[in-house]
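Structure file final.cif with mmCIF, C-alpha atoms:
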data_work
loop_
_atom_site.label_atom_id
_atom_site.label_comp_id
_atom_site.auth_asym_id
_atom_site.auth_seq_id
_atom_site.Cartn_x
_atom_site.Cartn_y
_atom_site.Cartn_z
CA MET A 1 -29.07 -50.26 -111.13
CA GLY A 2 -32.10 -48.12 -110.15
CA ASN A 3 -32.27 -45.32 -107.57
CA CYS A 4 -28.66 -45.33 -106.33
CA ALA A 5 -28.62 -41.51 -106.21
CA ILE A 6 -31.32 -38.82 -106.26
CA CYS A 7 -31.42 -35.09 -106.92
CA VAL A 8 -33.80 -32.98 -104.83
CA ASP A 9 -34.98 -29.66 -106.28
CA ALA A 10 -34.59 -26.39 -104.35
CA ASP A 11 -38.33 -26.13 -103.64
CA GLN A 12 -38.84 -29.75 -102.60
CA LEU A 13 -38.27 -32.28 -99.87
CA LYS A 14 -38.10 -36.01 -100.48
CA ALA A 15 -38.92 -38.86 -98.12
CA VAL A 16 -36.71 -41.89 -98.80
CA GLU A 17 -38.14 -45.37 -98.19
CA TYR A 18 -36.15 -48.59 -98.05
CA PHE A 19 -38.28 -51.59 -98.92
CA GLY A 20 -41.36 -49.56 -98.00
CA GLU A 21 -40.01 -48.40 -94.65
CA PHE A 22 -39.38 -44.70 -94.03
CA LEU A 23 -35.67 -44.00 -93.96
CA ALA A 24 -35.03 -40.23 -94.00
CA ILE A 25 -36.03 -36.79 -95.32
CA LYS A 26 -33.67 -35.47 -97.97
CA GLU A 27 -33.31 -31.73 -98.46
CA PRO A 28 -32.41 -30.02 -101.77
CA GLY A 29 -29.21 -31.32 -103.37
CA MET A 30 -27.56 -34.53 -104.62
CA HIS A 31 -27.87 -37.57 -102.36
CA PHE A 32 -26.37 -41.09 -102.69
CA LEU A 33 -28.74 -43.71 -101.33
CA GLY A 34 -26.87 -46.95 -101.83
CA PHE A 35 -27.06 -50.03 -103.98
CA ASP A 36 -30.51 -50.51 -105.52
CA LEU A 37 -31.49 -53.57 -107.49
CA PHE A 38 -33.90 -52.86 -110.34
CA GLY A 39 -35.47 -49.97 -108.37
CA ILE A 40 -37.12 -52.17 -105.75
CA CYS A 41 -34.95 -51.26 -102.76
CA TYR A 42 -35.40 -47.52 -102.58
CA ASN A 43 -38.48 -45.41 -103.18
CA THR A 44 -39.12 -41.65 -102.65
CA ARG A 45 -42.10 -39.39 -101.94
CA THR A 46 -42.00 -35.65 -102.74
CA VAL A 47 -43.56 -32.62 -101.08
CA SER A 48 -43.26 -28.95 -102.11
CA THR A 49 -41.82 -26.36 -99.70
CA ARG A 50 -43.52 -23.46 -101.47
CA ILE A 51 -46.36 -21.49 -99.88
CA ILE A 52 -49.53 -22.82 -101.43
CA GLU A 53 -52.81 -20.93 -101.52
CA ASN A 54 -55.99 -22.93 -101.10
CA ARG A 55 -59.25 -21.25 -102.14
CA ILE A 56 -62.42 -22.48 -100.47
CA ARG A 57 -65.98 -21.45 -101.34
CA CYS A 58 -68.51 -22.27 -98.64
CA GLU A 59 -72.29 -21.81 -98.74
CA THR A 60 -74.13 -21.02 -95.53
CA LYS A 61 -77.14 -19.13 -94.11
CA THR A 62 -77.19 -15.94 -92.05
CA ALA A 63 -79.30 -15.18 -88.98
CA ASP A 64 -81.84 -13.32 -91.16
CA ASP A 65 -82.27 -16.36 -93.46
CA VAL A 66 -80.13 -15.19 -96.38
CA PHE A 67 -78.00 -17.78 -98.15
CA VAL A 68 -74.49 -16.54 -98.96
CA PHE A 69 -71.28 -17.89 -100.45
CA VAL A 70 -68.17 -17.09 -98.41
CA ASP A 71 -64.83 -17.25 -100.26
CA VAL A 72 -61.76 -17.92 -98.12
CA ALA A 73 -58.09 -17.99 -99.16
CA VAL A 74 -55.62 -19.96 -96.98
CA GLN A 75 -51.81 -19.65 -97.40
CA VAL A 76 -50.18 -22.83 -96.15
CA GLU A 77 -46.58 -24.12 -96.08
CA VAL A 78 -44.94 -27.40 -95.07
CA ILE A 79 -42.97 -27.26 -91.82
CA ILE A 80 -39.53 -28.64 -92.75
CA LYS A 81 -38.97 -30.26 -89.36
CA LYS A 82 -42.33 -32.02 -89.72
CA ALA A 83 -42.01 -32.99 -93.36
CA LYS A 84 -42.57 -36.66 -92.48
CA GLU A 85 -46.00 -35.86 -90.97
CA ALA A 86 -46.88 -33.67 -93.96
CA ILE A 87 -46.10 -36.53 -96.35
CA TYR A 88 -47.53 -39.51 -94.49
CA LYS A 89 -50.35 -38.33 -92.22
CA LEU A 90 -52.75 -36.67 -94.67
CA ASP A 91 -53.88 -38.17 -97.94
CA ASN A 92 -55.36 -34.87 -99.21
CA PRO A 93 -54.27 -31.79 -97.19
CA ALA A 94 -56.31 -29.36 -99.35
CA LYS A 95 -59.49 -31.30 -98.69
CA GLN A 96 -58.76 -31.39 -94.96
CA ILE A 97 -58.22 -27.61 -94.88
CA GLU A 98 -61.50 -27.11 -96.75
CA SER A 99 -63.31 -29.19 -94.11
CA TYR A 100 -61.95 -27.12 -91.23
CA VAL A 101 -62.76 -23.83 -93.01
CA SER A 102 -66.33 -24.91 -93.83
CA ASN A 103 -66.85 -26.04 -90.25
CA VAL A 104 -65.87 -22.64 -88.81
CA ILE A 105 -67.78 -20.60 -91.39
CA ARG A 106 -70.97 -22.60 -90.91
CA ALA A 107 -70.66 -22.23 -87.16
CA LYS A 108 -70.04 -18.46 -87.11
CA VAL A 109 -72.08 -16.96 -89.97
CA PRO A 110 -75.53 -18.30 -88.90
CA LYS A 111 -75.18 -16.21 -85.71
CA LEU A 112 -74.81 -12.98 -87.71
CA LYS A 113 -77.18 -10.98 -89.87
CA LEU A 114 -76.20 -10.27 -93.45
CA ASP A 115 -74.99 -6.72 -92.77
CA GLU A 116 -72.99 -7.95 -89.77
CA VAL A 117 -71.28 -10.61 -91.90
CA PHE A 118 -69.82 -7.93 -94.15
CA PHE A 119 -68.50 -6.04 -91.10
CA SER A 120 -67.11 -9.22 -89.49
CA LYS A 121 -64.78 -10.44 -92.24
CA ASP A 122 -61.67 -9.98 -90.10
CA GLU A 123 -63.24 -11.80 -87.14
CA LEU A 124 -64.24 -14.70 -89.40
CA ALA A 125 -60.75 -14.89 -90.89
CA GLN A 126 -59.15 -14.90 -87.43
CA ALA A 127 -61.49 -17.66 -86.23
CA VAL A 128 -60.66 -19.82 -89.26
CA LYS A 129 -56.93 -19.23 -88.82
CA SER A 130 -57.04 -20.18 -85.13
CA GLU A 131 -58.83 -23.43 -86.00
CA LEU A 132 -56.40 -24.29 -88.79
CA VAL A 133 -53.25 -23.46 -86.80
CA TYR A 134 -54.43 -25.61 -83.93
CA ASN A 135 -55.31 -28.62 -86.11
CA MET A 136 -52.90 -28.50 -89.05
CA GLU A 137 -49.66 -28.11 -87.11
CA GLU A 138 -49.70 -31.75 -86.02
CA PHE A 139 -49.94 -32.73 -89.69
CA GLY A 140 -46.79 -30.74 -90.54
CA TYR A 141 -48.37 -27.63 -92.04
CA CYS A 142 -47.89 -23.95 -91.09
CA ILE A 143 -50.79 -21.54 -91.71
CA HIS A 144 -49.39 -18.15 -92.74
CA SER A 145 -52.61 -16.22 -93.29
CA VAL A 146 -56.33 -16.61 -93.84
CA LEU A 147 -58.36 -14.07 -95.82
CA VAL A 148 -62.10 -13.83 -96.35
CA THR A 149 -61.93 -12.57 -99.92
CA ASP A 150 -65.62 -12.32 -100.80
CA ILE A 151 -69.13 -12.56 -99.39
CA ASP A 152 -71.58 -13.25 -102.19
CA PRO A 153 -75.33 -13.27 -101.40
CA ASP A 154 -77.98 -14.32 -103.88
CA GLN A 155 -78.37 -11.98 -106.87
CA ASN A 156 -81.91 -11.01 -105.84
CA VAL A 157 -80.71 -10.15 -102.34
CA LYS A 158 -77.95 -7.92 -103.73
CA LYS A 159 -80.47 -6.18 -105.98
CA ALA A 160 -82.79 -5.59 -103.01
CA MET A 161 -79.91 -4.21 -100.91
CA ASN A 162 -78.98 -1.80 -103.71
CA GLU A 163 -82.60 -0.66 -104.01
CA ILE A 164 -82.76 -0.03 -100.25
CA ASN A 165 -79.59 2.03 -100.44
CA VAL A 166 -80.92 4.02 -103.41
CA ALA A 167 -84.22 4.69 -101.62
CA LYS A 168 -82.36 5.83 -98.50
CA ARG A 169 -80.18 8.24 -100.47
CA LEU A 170 -83.19 9.60 -102.36
CA ARG A 171 -84.97 10.17 -99.04
CA ILE A 172 -81.96 12.08 -97.70
CA ALA A 173 -81.73 14.12 -100.91
CA ALA A 174 -85.45 14.96 -100.74
CA ALA A 175 -85.11 16.05 -97.10
CA ASP A 176 -82.12 18.26 -97.96
CA LYS A 177 -83.98 19.75 -100.91
CA ALA A 178 -87.05 20.46 -98.77
CA GLU A 179 -84.88 22.08 -96.10
CA ALA A 180 -83.20 24.26 -98.72
CA GLU A 181 -86.57 25.32 -100.14
CA LYS A 182 -87.80 26.07 -96.61
CA ILE A 183 -84.78 28.30 -95.97
CA MET A 184 -85.33 30.07 -99.29
CA GLN A 185 -89.01 30.69 -98.48
CA VAL A 186 -88.19 31.94 -94.98
CA LYS A 187 -85.54 34.27 -96.33
CA ALA A 188 -87.90 35.47 -99.08
CA SER A 189 -90.65 36.10 -96.49
CA GLU A 190 -88.22 37.96 -94.25
CA ALA A 191 -87.06 40.07 -97.19
CA ASP A 192 -90.67 40.77 -98.24
CA ALA A 193 -91.61 41.74 -94.67
CA GLU A 194 -88.59 44.03 -94.43
CA SER A 195 -89.44 45.54 -97.81
CA LYS A 196 -93.05 46.18 -96.80
CA PHE A 197 -91.91 47.62 -93.47
CA LEU A 198 -89.60 50.06 -95.23
CA GLN A 199 -92.27 50.79 -97.81
CA GLY A 200 -94.74 51.53 -95.01
CA GLN A 201 -92.25 53.86 -93.38
CA GLY A 202 -91.80 55.65 -96.70
CA ILE A 203 -95.54 55.99 -97.23
CA ALA A 204 -96.02 57.26 -93.66
CA ARG A 205 -93.32 59.88 -94.14
CA GLN A 206 -94.82 60.80 -97.50
CA ARG A 207 -98.26 61.26 -95.94
CA ALA A 208 -96.78 63.27 -93.06
CA ALA A 209 -95.03 65.52 -95.55
CA ILE A 210 -98.26 65.93 -97.55
CA VAL A 211 -100.25 66.79 -94.43
CA SER A 212 -97.61 69.31 -93.38
CA GLY A 213 -97.61 70.85 -96.83
CA LEU A 214 -101.39 71.06 -96.96
CA LYS A 215 -101.50 72.79 -93.60
CA GLU A 216 -98.95 75.34 -94.76
CA SER A 217 -100.56 75.82 -98.18
CA PHE A 218 -104.23 76.12 -97.25
CA GLY A 219 -104.10 77.36 -93.65
CA GLU A 220 -104.62 80.99 -92.82
CA GLU A 221 -101.70 83.05 -91.64
CA GLY A 222 -101.13 82.60 -87.93
CA LYS A 223 -103.75 79.86 -87.66
CA THR A 224 -103.65 76.08 -87.84
CA MET A 225 -105.74 74.39 -90.51
CA ASP A 226 -108.73 72.36 -89.29
CA ALA A 227 -107.90 68.65 -88.99
CA GLU A 228 -111.14 67.67 -90.77
CA LYS A 229 -110.17 69.69 -93.84
CA VAL A 230 -106.67 68.22 -93.81
CA ARG A 231 -108.16 64.70 -93.76
CA GLU A 232 -110.44 65.53 -96.69
CA LEU A 233 -107.53 66.88 -98.72
CA LEU A 234 -105.44 63.82 -97.82
CA LEU A 235 -108.22 61.45 -98.91
CA ILE A 236 -108.57 63.31 -102.18
CA THR A 237 -104.81 63.08 -102.72
CA GLN A 238 -104.93 59.33 -102.13
CA TYR A 239 -107.85 59.13 -104.54
CA PHE A 240 -105.79 60.72 -107.31
CA ASP A 241 -102.84 58.48 -106.49
CA THR A 242 -105.13 55.48 -106.91
CA LEU A 243 -106.33 56.74 -110.29
CA GLU A 244 -102.74 57.20 -111.38
CA LYS A 245 -101.79 53.64 -110.40
CA MET A 246 -104.84 52.23 -112.17
CA SER A 247 -103.89 54.09 -115.32
CA ASN A 248 -100.43 52.47 -115.22
CA GLY A 249 -101.92 48.96 -115.17
CA ASN A 250 -102.68 46.61 -118.07
CA SER A 251 -106.08 48.17 -118.76
CA THR A 252 -106.03 51.07 -121.20
CA THR A 253 -109.53 52.42 -120.46
CA ILE A 254 -111.29 52.85 -117.09
CA PHE A 255 -114.95 53.94 -116.75
CA MET A 256 -115.99 55.42 -113.42
CA PRO A 257 -118.30 58.24 -112.20
CA HIS A 258 -116.23 61.37 -111.80
CA THR A 259 -116.81 65.11 -112.00
CA VAL A 260 -114.42 67.91 -111.24
CA GLY A 261 -116.97 69.68 -109.05
CA GLY A 262 -117.87 66.56 -107.13
CA MET A 263 -114.73 66.21 -105.06
CA ASN A 264 -116.72 66.89 -101.87
CA GLU A 265 -118.89 63.89 -102.67
CA VAL A 266 -115.79 61.76 -103.18
CA ALA A 267 -114.44 62.86 -99.84
CA GLU A 268 -117.78 62.19 -98.13
CA GLN A 269 -118.00 58.70 -99.68
CA MET A 270 -114.50 57.85 -98.54
CA GLN A 271 -115.18 59.13 -95.04
CA LYS A 272 -118.42 57.13 -94.80
CA GLY A 273 -116.58 54.02 -95.96
CA ILE A 274 -113.89 54.48 -93.34
CA LEU A 275 -116.43 55.18 -90.59
CA ALA A 276 -118.51 52.13 -91.61
CA GLY A 277 -115.41 49.96 -91.53
CA ASN A 278 -114.44 51.24 -88.08
CA ALA A 279 -117.97 50.62 -86.77
CA ALA A 280 -117.97 47.05 -88.12
CA ASN A 281 -114.60 46.35 -86.49
CA GLN A 282 -115.84 47.77 -83.18
CA LYS A 283 -118.92 45.51 -83.23
CA TYR A 284 -116.74 42.48 -83.96
CA PHE A 285 -114.38 43.22 -81.05
CA ASP A 286 -117.34 43.87 -78.70
CA ALA A 287 -118.90 40.51 -79.65
CA GLU A 288 -115.59 38.73 -79.11
CA SER A 289 -115.13 40.29 -75.65
CA LYS A 290 -118.60 39.09 -74.54
#

The structure given in the file should be rewritten as structure tokens.
Amino acid sequence: MGNCAICVDADQLKAVEYFGEFLAIKEPGMHFLGFDLFGICYNTRTVSTRIIENRIRCETKTADDVFVFVDVAVQVEVIIKKAKEAIYKLDNPAKQIESYVSNVIRAKVPKLKLDEVFFSKDELAQAVKSELVYNMEEFGYCIHSVLVTDIDPDQNVKKAMNEINVAKRLRIAAADKAEAEKIMQVKASEADAESKFLQGQGIARQRAAIVSGLKESFGEEGKTMDAEKVRELLLITQYFDTLEKMSNGNSTTIFMPHTVGGMNEVAEQMQKGILAGNAANQKYFDAESK
């Protein structure tokens, strides 16, 4: 007998034709068509009602002359009320969707630089969806969502981008390291200056105490010791301090002219050195002022 009755699956719609002419859309269930002689009276066409994902890969060029592949995923579903259009109007819906997607991508991406393309994925997806919704509805298809899933530049371009990023991070790290070393040096200098300042205060107090002690020890009762003698004694004291420090150094033996009875000569030599230094400084300042 032929196709007297048909069974439509739950995820399908069938278009029934009678001698090649469209008759009706049959929804899921059992349907009796009528008398059919040898299967030549009735014919059916099937379309799925499931949401189908179409994946499109489109190659294009950016504004900075970089060729990229843009991967787009489109979720599409047949509109039940327009099942007839979905079955009869398009021979290959997937190919038609790919054409619309490629058209939008190749119109939008060349206006953007490579970095901007990565930041504009949502805008690209929205532009593609608007184009598909406007054009595919008349063919009986509903566009649920459009996603730009990947942007894939040439391998050499990706390598160059990674190298740029590495160089940038190394430059930042070097700047941070230099700043840290600068802070450490400044702090060390400040600590050294503070240490020397305190050391100078200690030495000044030590010398003041020595001078006071010398005046009390060597001055006559009821009289103040001559300042010249105090200076000589102070210089001699510094001389012995210097010898002591030299003896504490790495050298084990020091040869230098020295006699116990020649302390006056030592004091005179030190005084002459100080006076000569003061005279040289005075000449330098006088020359500068002229």

Residues in the PyMOL selection byres ((chain A and resi 130-144) around 8), expressed as a list in words: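 This file gives the following for the PyMOL selection byres ((chain A and resi 130-144) around 8): Val74, Gln75, Val76, Glu77, Val78, Ile79, Ile80, Lys81, Lys82, Ala83, Lys84, Glu85, Ala86, Lys89, Leu90, Ile97, Tyr100, Val101, Val104, Gln126, Ala127, Val128, Lys129, Ser145 and Val146 of chain A.
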
Residue list as a list in words for point (-37.1, -49.9, -97.9), cut-off 9 Å, only C-alpha atoms: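 Collected hits near the coordinates: Val16, Glu17, Tyr18, Phe19, Gly20, Glu21, Phe22, Leu23, Ile40, Cys41, Tyr42 and Asn43 of chain A.
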
Keeping only C-alpha atoms, take the residues you just selected and write them out as an mmCIF file, in the frame of the given file.
data_model
loop_
_atom_site.group_PDB
_atom_site.id
_atom_site.type_symbol
_atom_site.label_atom_id
_atom_site.label_comp_id
_atom_site.auth_asym_id
_atom_site.auth_seq_id
_atom_site.Cartn_x
_atom_site.Cartn_y
_atom_site.Cartn_z
ATOM 1 C CA VAL A 16 -36.710 -41.890 -98.800
ATOM 2 C CA GLU A 17 -38.140 -45.370 -98.190
ATOM 3 C CA TYR A 18 -36.150 -48.590 -98.050
ATOM 4 C CA PHE A 19 -38.280 -51.590 -98.920
ATOM 5 C CA GLY A 20 -41.360 -49.560 -98.000
ATOM 6 C CA GLU A 21 -40.010 -48.400 -94.650
ATOM 7 C CA PHE A 22 -39.380 -44.700 -94.030
ATOM 8 C CA LEU A 23 -35.670 -44.000 -93.960
ATOM 9 C CA ILE A 40 -37.120 -52.170 -105.750
ATOM 10 C CA CYS A 41 -34.950 -51.260 -102.760
ATOM 11 C CA TYR A 42 -35.400 -47.520 -102.580
ATOM 12 C CA ASN A 43 -38.480 -45.410 -103.180
#

Gap from CA of Val72 in chain A to CA of Val148 in chain A - Å, one decimal: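 If I compute the distance from CA of Val72 in chain A to CA of Val148 in chain A, I get 4.5 Å.
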
Atom-to-atom span, CA of Cys58 in chain A and CA of Met161 in chain A, Å: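 These atoms are spaced 21.5 Å apart.
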
Spatial neighbours of Glu98 in chain A, max dist 9 Å, all atoms listed in the file, sep filter under 6 positions, as JSON, numbers by chain: {"A": [54, 55, 56, 57, 58]}

For CA of Gln96 in chain A and CA of Asp64 in chain A, the interatomic separation in Å (one decimal):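 Calculated distance between CA of Gln96 in chain A and CA of Asp64 in chain A is 29.6 Å.
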
Who sits within 8 Å of Val70 in chain A, all atoms listed in the file, same chain under 3 positions skipped, as a list of chain:residue names: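 Selected residues are A:Arg57, A:Cys58, A:Glu59, A:Thr60, A:Ile105, A:Val148, A:Thr149, A:Asp150, A:Ile151, A:Asp152.
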
From A:Val109, A:Glu179, A:His31, A:Leu37, residue lying nearest Lys121 in chain A [all atoms listed in the file]: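 Ranking A:Val109, A:Glu179, A:His31, A:Leu37 by distance to Lys121 in chain A, first place goes to A:Val109.
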
Residue among A:Ile87, A:Asn165, A:Ala188, A:Leu33 lying closest to Leu13 in chain A, counting all atoms listed in the file: A:Ile87

Generate the missing atoms of range 83-99 of chain A up to N, CA, C and O atoms and report them as a compact mmCIF listing (two decimals), in the frame of the given file.
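Listing of rebuild-v1.txt after writing:
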# COMPACT_ATOMS: atom_id res chain seq x y z
N ALA A 83 -41.75 -32.58 -91.99
CA ALA A 83 -42.01 -32.99 -93.36
C ALA A 83 -42.56 -34.42 -93.41
O ALA A 83 -43.39 -34.76 -94.26
N LYS A 84 -42.08 -35.27 -92.51
CA LYS A 84 -42.57 -36.66 -92.48
C LYS A 84 -44.07 -36.69 -92.24
O LYS A 84 -44.82 -37.42 -92.92
N GLU A 85 -44.57 -35.91 -91.25
CA GLU A 85 -46.00 -35.86 -90.97
C GLU A 85 -46.78 -35.31 -92.16
O GLU A 85 -47.87 -35.79 -92.49
N ALA A 86 -46.21 -34.27 -92.82
CA ALA A 86 -46.88 -33.67 -93.96
C ALA A 86 -47.03 -34.66 -95.11
O ALA A 86 -48.02 -34.61 -95.86
N ILE A 87 -46.05 -35.57 -95.25
CA ILE A 87 -46.10 -36.53 -96.35
C ILE A 87 -46.98 -37.73 -96.03
O ILE A 87 -47.74 -38.21 -96.87
N TYR A 88 -46.91 -38.22 -94.79
CA TYR A 88 -47.53 -39.51 -94.49
C TYR A 88 -48.87 -39.43 -93.76
O TYR A 88 -49.65 -40.39 -93.82
N LYS A 89 -49.15 -38.33 -93.05
CA LYS A 89 -50.35 -38.33 -92.22
C LYS A 89 -51.63 -38.00 -92.99
O LYS A 89 -52.69 -38.53 -92.67
N LEU A 90 -51.55 -37.08 -93.95
CA LEU A 90 -52.75 -36.67 -94.67
C LEU A 90 -52.70 -37.15 -96.12
O LEU A 90 -51.71 -36.95 -96.81
N ASP A 91 -53.79 -37.74 -96.54
CA ASP A 91 -53.88 -38.17 -97.94
C ASP A 91 -54.17 -36.98 -98.86
O ASP A 91 -53.64 -36.90 -99.97
N ASN A 92 -55.01 -36.03 -98.39
CA ASN A 92 -55.36 -34.87 -99.21
C ASN A 92 -55.42 -33.65 -98.29
O ASN A 92 -56.48 -33.32 -97.75
N PRO A 93 -54.30 -32.96 -98.10
CA PRO A 93 -54.27 -31.79 -97.19
C PRO A 93 -55.26 -30.69 -97.59
O PRO A 93 -55.89 -30.08 -96.73
N ALA A 94 -55.41 -30.43 -98.89
CA ALA A 94 -56.31 -29.36 -99.35
C ALA A 94 -57.75 -29.67 -98.94
O ALA A 94 -58.50 -28.78 -98.52
N LYS A 95 -58.14 -30.92 -99.06
CA LYS A 95 -59.49 -31.30 -98.69
C LYS A 95 -59.70 -31.18 -97.18
O LYS A 95 -60.77 -30.77 -96.71
N GLN A 96 -58.65 -31.51 -96.40
CA GLN A 96 -58.76 -31.39 -94.96
C GLN A 96 -58.89 -29.93 -94.53
O GLN A 96 -59.69 -29.59 -93.66
N ILE A 97 -58.13 -29.06 -95.16
CA ILE A 97 -58.22 -27.61 -94.88
C ILE A 97 -59.61 -27.10 -95.22
O ILE A 97 -60.21 -26.31 -94.47
N GLU A 98 -60.15 -27.53 -96.35
CA GLU A 98 -61.50 -27.11 -96.75
C GLU A 98 -62.54 -27.53 -95.71
O GLU A 98 -63.47 -26.78 -95.40
N SER A 99 -62.37 -28.71 -95.13
CA SER A 99 -63.31 -29.19 -94.11
C SER A 99 -63.27 -28.31 -92.87
O SER A 99 -64.32 -27.94 -92.32
